[in-house]
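One structure is given below, encoded as structure tokens.
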Amino acid sequence: MINLTIDGKLVTVPEGATILDAADALGIVIPTLCFLKEMSPLTSCMVCVVKVGGRRNLLPACATKAEEGMVVFSDHPEVTKARRTALELLLSDHVGDCMGPCQVACPAGMDIPQMLRYMSEGRYDKAIETIKQDLALPAVTGYICPAPCEKACRRGQVDQVIAVRSAKRCAAELDLAETYPYRPDIPRKSDKKVAIVGGGPAGLAAAYYLQREGISCTLFDDRIEPGGMLRYGVPEQDLPRSVLDAEIEQIRGLGVVFKQQVRVGRDIPFEEIRNAFDAVFLGIGKASPDDLELLGFGKGNKTLAVDQNTFQTDIPGVFAGGDVRRGQKLTVRSLADGKKAAKSISRFLNDESVAGTMRPFNTRMGKLEPRELELFSGPSGNRAGSIERTKAADRSKPLDKAQASSEAAFCLHCDCRKATSCKLRIFSREYEAKASHYSGKSRSFIRQDDHPDLIYEPGKCISCGICVRITERQREKLGLTFIGRGFDVKVAVPFDKSMLEGLAGPVDKIVTACPTGALAFKEKPDRSKNYITTKHEEHEE
């Protein structure tokens, strides 16, 4: 047996074990992209490098044998820098969007592509579940959102953008019409209590997402009915009050207590609220200096100081969001503030670090060339170009269920099929790698989808060789191989044959083992999920 230390922790491993094996025994996560346990190390990615005492150069943990008395450093500034550099070099040649342009443009970060896929399949129960992960009032926004997502939709480069707002409105109103509309699973009730001050979109969203976590919320509002400017500022013809009332009732149905015609600071002292609750969220809209003085934020203050990432104010346990923070009257932004603030409040109540939310890591292809667009919108593009574009997507009219499903089918699936399991994305986020650090001419976008079970996007391939090894072991007649040399090397089927000709046997193993989204299943989301947890993952929305 061999004894060594990694990051100051002693571990004993059998003869022949690697540093990576020793780290695994200690529960220390060393990132790997080109490593697969049942294969000999490939050492092509160099993301697993570590520092070893007495050695001049960093060494790959996957291939370096453990030695008696070895002192290894994995959590070290030099190691972190080297891993980041390795990731950035891989990203410099990466061609693909992690997130669809529509999701990037959405102020709430809603997973629009997933919603559309569910709708195209007629799975409206899953569509509304996806929507409500990020939007507490989807039907409301279906009426009044300015739809920045549609402005970013890549489908517009082909013919016309997807009618995202109308499709979302259809899904939300279908759910409202159900006898038993969508209701999230709520964990066991917490003993913590939060006061929500203000019944506008930010306050309603904060109450919704806190109550979803089992945290009891009481909402104080000075109007006769909740809704804020949605009720008292938006004309009835733009937003039917019946829709607003129905969505507020869903929030009330989760257990939120509404106290109307109560002005905090006037009818009840703010200090009394602070003493009676474990945390407070202020969603009071655009506040005047008098409002802030009533709430105890000092005489003469014109604005409320709010941390832009954590939503904390200068007063411990008091958070704020919406127009009081931004001064921008955009409902979807206020709803996003409420959700993010709820996350920070939840962490505060659990005595965890209130670090705010990390932006999801994303690579972007930008505007595509016409021939690249054809790969998205042609017959292989997820039905997108194989049927005549319907006229039903008139932005001035609502869509019925059949029209919404048809419209959703035109989504080009710009987002990565393995966005949740791509190791390149996960580790790039963890090591704060910048996709544009090493700029240069990138490869063209290519998509090969002649195979019935998988899609291959060479621009996402890091030439790790895992799939090549697997096809060799599976004794494929052609399989996959490296073609070319140096920077021009690529993985492909020999003799310019198709993926269907190259991969005649089962493909589950090569798709699952691929560390990026280069090899992905065709529309089998549950099958392709391979979640990997990292130490920073809990901070991401």
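If you're wondering about the labels, chains in the structure tokens are A, B, ... by order shown, residues count from 1 in each chain, ligands from 1 in order shown.
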Q) Any idea what's packed within 12 Å of range 484-491 of chain A, counting only C-alpha atoms, ignoring anything in its chain fewer than 5 positions away? Could you give it as number ranges by chain? A) A: 89-90, 92-93, 442-443, 456-469, 471, 479, 496, 499, 502, 518-519
Any chance you can output those residues with C-alpha atoms as a compact mmCIF listing (two decimals), in the first residue's frame?
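Dumped to out-v5.txt:
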# COMPACT_ATOMS: atom_id res chain seq x y z
CA LEU A 89 -7.91 26.69 -25.29
CA LEU A 90 -10.63 24.09 -25.87
CA SER A 92 -11.36 28.83 -28.50
CA ASP A 93 -12.29 26.23 -31.12
CA SER A 442 -13.40 29.10 -35.41
CA ARG A 443 -14.73 26.13 -37.30
CA TYR A 456 -23.02 14.65 -34.14
CA GLU A 457 -21.78 18.26 -34.06
CA PRO A 458 -18.03 18.22 -34.80
CA GLY A 459 -17.62 21.84 -33.71
CA LYS A 460 -18.22 20.74 -30.12
CA CYS A 461 -15.75 17.84 -30.29
CA ILE A 462 -12.53 18.22 -28.25
CA SER A 463 -10.84 15.23 -29.93
CA CYS A 464 -10.53 13.41 -26.61
CA GLY A 465 -10.67 10.02 -28.33
CA ILE A 466 -13.14 8.37 -25.96
CA CYS A 467 -15.67 7.60 -28.70
CA VAL A 468 -12.89 6.25 -30.94
CA ARG A 469 -11.80 3.82 -28.21
CA THR A 471 -16.16 1.95 -31.14
CA GLY A 479 -16.58 3.11 -36.19
CA ASP A 496 -16.19 9.90 -45.62
CA MET A 499 -22.60 8.21 -39.06
CA GLY A 502 -20.03 4.00 -39.12
CA ALA A 518 -20.70 16.74 -29.69
CA LEU A 519 -22.53 13.40 -29.54
Q: Using DSSP on the backbone coordinates, identify the residues of range 163-349 of chain A assigned to strand (DSSP E or B); present them as a ChimeraX atom specification.
A: /A:193-197,216-221,257-260,264,268,279-282,312,318-320
Q: Mind checking which residues fall within 7 Å of range 509-511 of chain A, counting only C-alpha atoms, ignoring those fewer than 2 positions away in the same chain, and posting them as a ChimeraX atom specification?
A: /A:467,470,507,513-514,519-521
Using only C-alpha atoms, find each residue in range 15-126 of chain A having at least one atom no more than 7 Å away from range 149-167 of chain A; report its shortest atom-to-atom pair and that distance in Å (one decimal), rows by chain then rising number, as a tab-separated table.
residue	atom	partner	partner_atom	distance
A:Pro101	CA	A:Ala152	CA	5.7
A:Cys102	CA	A:Cys149	CA	4.3
A:Gln103	CA	A:Cys149	CA	6.6
A:Ala105	CA	A:Cys149	CA	5.1
A:Cys106	CA	A:Cys149	CA	5.3
Would you export the selected residues with N, CA and C atoms as an mmCIF file, in the first residue's frame, please?
data_model
loop_
_atom_site.group_PDB
_atom_site.id
_atom_site.type_symbol
_atom_site.label_atom_id
_atom_site.label_comp_id
_atom_site.auth_asym_id
_atom_site.auth_seq_id
_atom_site.Cartn_x
_atom_site.Cartn_y
_atom_site.Cartn_z
ATOM 1 N N PRO A 101 -30.370 31.491 -28.049
ATOM 2 C CA PRO A 101 -30.381 32.958 -27.979
ATOM 3 C C PRO A 101 -31.628 33.514 -27.306
ATOM 4 N N CYS A 102 -32.771 32.819 -27.460
ATOM 5 C CA CYS A 102 -34.014 33.287 -26.832
ATOM 6 C C CYS A 102 -33.910 33.240 -25.318
ATOM 7 N N GLN A 103 -33.324 32.175 -24.776
ATOM 8 C CA GLN A 103 -33.190 32.049 -23.326
ATOM 9 C C GLN A 103 -32.216 33.082 -22.779
ATOM 10 N N ALA A 105 -31.732 36.017 -23.992
ATOM 11 C CA ALA A 105 -32.386 37.327 -24.054
ATOM 12 C C ALA A 105 -33.498 37.485 -23.031
ATOM 13 N N CYS A 106 -34.052 36.377 -22.532
ATOM 14 C CA CYS A 106 -35.161 36.451 -21.577
ATOM 15 C C CYS A 106 -34.664 36.975 -20.232
#
Q | Interatomic distance (Å, one decimal) between CA of Glu15 in chain A and CA of Asp75 in chain A | A |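 Spanning CA of Glu15 in chain A to CA of Asp75 in chain A is a straight-line distance of 24.3 Å.
Taking the backbone of this structure through DSSP, the residues of range 54-123 of chain A that come out as alpha helix (DSSP H) are A:Pro77, A:Glu78, A:Val79, A:Thr80, A:Lys81, A:Ala82, A:Arg83, A:Arg84, A:Thr85, A:Ala86, A:Leu87, A:Glu88, A:Leu89, A:Leu90, A:Leu91, A:Pro101, A:Cys102, A:Gln103, A:Val104, A:Ala105, A:Ile112, A:Pro113, A:Gln114, A:Met115, A:Leu116, A:Arg117, A:Tyr118, A:Met119, A:Ser120.
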Store the residues picked out above, limited to N, CA and C atoms, as a short mmCIF file (atom, residue, chain, number, x, y, z; two decimals), in the first residue's frame.
data_model
loop_
_atom_site.label_atom_id
_atom_site.label_comp_id
_atom_site.auth_asym_id
_atom_site.auth_seq_id
_atom_site.Cartn_x
_atom_site.Cartn_y
_atom_site.Cartn_z
N PRO A 77 -3.33 27.85 -6.58
CA PRO A 77 -3.48 28.88 -7.61
C PRO A 77 -2.84 28.51 -8.95
N GLU A 78 -1.67 27.89 -8.92
CA GLU A 78 -0.99 27.50 -10.16
C GLU A 78 -1.80 26.44 -10.92
N VAL A 79 -2.38 25.53 -10.17
CA VAL A 79 -3.20 24.48 -10.77
C VAL A 79 -4.48 25.07 -11.36
N THR A 80 -5.12 25.94 -10.60
CA THR A 80 -6.35 26.58 -11.07
C THR A 80 -6.12 27.33 -12.37
N LYS A 81 -5.02 28.07 -12.42
CA LYS A 81 -4.70 28.85 -13.61
C LYS A 81 -4.47 27.93 -14.81
N ALA A 82 -3.74 26.82 -14.60
CA ALA A 82 -3.45 25.89 -15.69
C ALA A 82 -4.72 25.22 -16.20
N ARG A 83 -5.60 24.84 -15.28
CA ARG A 83 -6.86 24.22 -15.70
C ARG A 83 -7.72 25.21 -16.48
N ARG A 84 -7.75 26.45 -16.02
CA ARG A 84 -8.53 27.46 -16.73
C ARG A 84 -7.97 27.66 -18.14
N THR A 85 -6.65 27.71 -18.25
CA THR A 85 -6.03 27.88 -19.57
C THR A 85 -6.37 26.72 -20.49
N ALA A 86 -6.32 25.50 -19.97
CA ALA A 86 -6.65 24.32 -20.77
C ALA A 86 -8.09 24.40 -21.27
N LEU A 87 -9.00 24.82 -20.41
CA LEU A 87 -10.40 24.95 -20.80
C LEU A 87 -10.59 26.05 -21.83
N GLU A 88 -9.90 27.17 -21.65
CA GLU A 88 -10.05 28.29 -22.59
C GLU A 88 -9.48 27.94 -23.97
N LEU A 89 -8.44 27.14 -24.00
CA LEU A 89 -7.91 26.69 -25.29
C LEU A 89 -8.92 25.79 -26.01
N LEU A 90 -9.59 24.93 -25.26
CA LEU A 90 -10.63 24.09 -25.87
C LEU A 90 -11.81 24.93 -26.34
N LEU A 91 -12.17 25.94 -25.56
CA LEU A 91 -13.29 26.81 -25.91
C LEU A 91 -13.00 27.68 -27.14
N PRO A 101 -30.37 31.49 -28.05
CA PRO A 101 -30.38 32.96 -27.98
C PRO A 101 -31.63 33.51 -27.31
N CYS A 102 -32.77 32.82 -27.46
CA CYS A 102 -34.01 33.29 -26.83
C CYS A 102 -33.91 33.24 -25.32
N GLN A 103 -33.32 32.18 -24.78
CA GLN A 103 -33.19 32.05 -23.33
C GLN A 103 -32.22 33.08 -22.78
N VAL A 104 -31.15 33.35 -23.52
CA VAL A 104 -30.18 34.36 -23.10
C VAL A 104 -30.85 35.73 -23.03
N ALA A 105 -31.73 36.02 -23.99
CA ALA A 105 -32.39 37.33 -24.05
C ALA A 105 -33.50 37.48 -23.03
N ILE A 112 -36.85 28.52 -22.65
CA ILE A 112 -37.82 28.61 -23.74
C ILE A 112 -37.73 27.42 -24.69
N PRO A 113 -36.52 26.99 -25.10
CA PRO A 113 -36.45 25.84 -26.01
C PRO A 113 -37.10 24.58 -25.43
N GLN A 114 -36.89 24.33 -24.14
CA GLN A 114 -37.49 23.14 -23.53
C GLN A 114 -39.01 23.27 -23.49
N MET A 115 -39.50 24.47 -23.17
CA MET A 115 -40.94 24.70 -23.18
C MET A 115 -41.53 24.40 -24.56
N LEU A 116 -40.85 24.89 -25.60
CA LEU A 116 -41.35 24.69 -26.96
C LEU A 116 -41.31 23.23 -27.36
N ARG A 117 -40.28 22.50 -26.94
CA ARG A 117 -40.22 21.08 -27.28
C ARG A 117 -41.37 20.31 -26.65
N TYR A 118 -41.66 20.62 -25.39
CA TYR A 118 -42.79 19.97 -24.73
C TYR A 118 -44.10 20.31 -25.44
N MET A 119 -44.25 21.55 -25.84
CA MET A 119 -45.49 21.96 -26.51
C MET A 119 -45.63 21.31 -27.87
N SER A 120 -44.53 21.17 -28.59
CA SER A 120 -44.60 20.53 -29.90
C SER A 120 -45.01 19.07 -29.78
#
